[in-house]
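Notes follow the structure.
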Amino acid sequence: MAVINRWLVFVAALLATSSFAAVLPDERIDVLYHGYDGGGAQIDGPSILVRKNIGASVSVSANYYVDMVSSASIDVQATASPYSEERKESGFSGQFMLDRSTIKLGYTGSKENDYDATTYSFGIDQSFFGDLTTLGFGVSFGEDVVGQNTDPTYQRDLQRRKYSVNASQIVTKNLLASLSFDSATDQCLNLTDEESCLNNPYRSVRYLSGTGGYLYQGERYPHTRNSDAFGVRAIYYLPYRASIRAELRTFSDSWGVEADNAELRYLHPYGERFLFEVKYRIYDQTGAEFYADLFPYRDAQNFLARDKELSPFSSTTVGVGVTYKIPPGFIPWFDKSTANLYWDHFNIDYDDFRDARVSPEEFAAGDEPLYSLQADVIRLYFSFWF
């Protein structure tokens, strides 16, 4: 199962709330290169997005995205060999504007050598009170097939459902604010009690062997995971064309994971061509109820997990970015164009996940040093309006 870097996409949630009225998006082409490097994993690849309007009421878009993964993360190094693979994702979406309403439809499909995913989405936004208030809801349905490279007969069917409600408000001429609520369910289909589609088929948990060391056995997860998230976002425009953006978000699920994050951004223009951005983000979460770094014995409980992403941990993110507005006419055929470069640095400290790669002669089982992760994400993209 490929290592998918979810940090690359969370920025879209904030930017998506900037549209408060029924207006079609700009016609444009975005060409992106993204790169992730941290914790022994390297992920990079290209992406292209094309958006075109049809008449005054319809907008369609298509997106193609590639992840090329080369992984030797701590999970892999402890129990398996490094691997490399490629994930390809394509998506299509459409918007239909009717008076003050916008109807949205979407499809996304991704494929890799051990995981296939398909998602369908539908949403409606409606503006009120002279476009000062916008209410919206959305729903998405996903059908995934989980495989395993080492076993061609291995197949797990995963069904995903997500429901979203959001409200946006122009509070003053300088202040925009929004609230959002998301509820999601991931459920395995047609599996026995010993099977699950929600754990990584390559990952193992470790347990004390009784002789001072430890042994490994496969993870075992529940068949269902329900989660809820609530977010508050605001954008305040300053007199000198700059802006401050803030976000608070809380998350909880049926596995006992609770998380909170806060983010602050500052955007500042320089002259007529440059826009600079700095941001700072903090994140903190508790561990799942069935997580442990080291279990006391084999089959110590019904469900077993040693995924570091289900452990208690905290992280900080520092990011900078710059957008350059390319002079008109420099690139023919386009009304305007920009070059954009963003860099994020993550620092993650795990409170109950230890580095099992160290020598057992130097550290007793359960006394290994706690693991920490530093990672960098780079996004370089060009946008062209036509």
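Labels for the structure tokens follow display order: chains A, B, ..., residues from 1 in each chain, ligands from 1.
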Would you kindly return, as an MDAnalysis selection string, each protein, DNA or RNA residue with an atom no farther than 10 Å from any atom of Gln126 of chain A, considering only C-alpha atoms and excluding same-chain residues fewer than 3 positions away?
chainID A and resid 20:22 97:103 131 133:137 167
Any chance you can output those residues with C-alpha atoms as a PDB file, in the first residue's frame?
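part-v9.pdb written:
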ATOM      1  CA  PHE A  20     -18.848  33.303  -1.100  1.00  0.00           C
ATOM      2  CA  ALA A  21     -21.200  33.754  -4.071  1.00  0.00           C
ATOM      3  CA  ALA A  22     -22.407  31.766  -7.057  1.00  0.00           C
ATOM      4  CA  MET A  97     -24.677  27.636 -11.636  1.00  0.00           C
ATOM      5  CA  LEU A  98     -28.396  28.385 -11.317  1.00  0.00           C
ATOM      6  CA  ASP A  99     -29.162  31.879 -10.023  1.00  0.00           C
ATOM      7  CA  ARG A 100     -27.554  31.902  -6.530  1.00  0.00           C
ATOM      8  CA  SER A 101     -27.027  28.147  -6.382  1.00  0.00           C
ATOM      9  CA  THR A 102     -24.052  26.067  -7.521  1.00  0.00           C
ATOM     10  CA  ILE A 103     -24.400  22.318  -8.079  1.00  0.00           C
ATOM     11  CA  ASP A 131     -24.371  37.039  -1.339  1.00  0.00           C
ATOM     12  CA  THR A 133     -24.007  34.308   3.420  1.00  0.00           C
ATOM     13  CA  THR A 134     -23.356  30.969   1.736  1.00  0.00           C
ATOM     14  CA  LEU A 135     -24.616  27.589   2.934  1.00  0.00           C
ATOM     15  CA  GLY A 136     -23.514  24.318   1.428  1.00  0.00           C
ATOM     16  CA  PHE A 137     -23.556  20.593   1.843  1.00  0.00           C
ATOM     17  CA  ALA A 167     -21.495  28.014   6.240  1.00  0.00           C
TER      18      ALA A 167
END
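Distance-wise, atom CA of Gly147 of chain A and atom CA of Gln374 of chain A end up 29.4 Å apart.
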So that I can see what lies close to Asp182 of chain A, please list as a ChimeraX atom specification the residues with an atom at most 12 Å from it, counting only C-alpha atoms and leaving out residues fewer than 4 positions away in the same chain.
/A:13,136-140,161-166,226-231,249-253
Which residues are close to Leu275 of chain A, i.e. within 9 Å by only C-alpha atoms, leaving aside same-chain residues fewer than 5 positions away? Reply as a PyMOL selection string.
chain A and resi 242+267-270+321-325
Any chance you could export the current selection's C-alpha atoms as a PDB file, in the first residue's frame?
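Now in selection-v1.pdb:
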ATOM      1  CA  ALA A 242      -2.021  41.978   2.774  1.00  0.00           C
ATOM      2  CA  LEU A 267       0.262  36.997   2.952  1.00  0.00           C
ATOM      3  CA  HIS A 268       2.074  40.151   1.897  1.00  0.00           C
ATOM      4  CA  PRO A 269       2.403  41.678  -1.588  1.00  0.00           C
ATOM      5  CA  TYR A 270       5.627  43.288  -2.742  1.00  0.00           C
ATOM      6  CA  GLY A 321       5.970  30.625  -0.319  1.00  0.00           C
ATOM      7  CA  VAL A 322       6.210  33.124  -3.135  1.00  0.00           C
ATOM      8  CA  THR A 323       4.033  33.860  -6.160  1.00  0.00           C
ATOM      9  CA  TYR A 324       5.379  35.798  -9.124  1.00  0.00           C
ATOM     10  CA  LYS A 325       2.965  37.393 -11.573  1.00  0.00           C
TER      11      LYS A 325
END
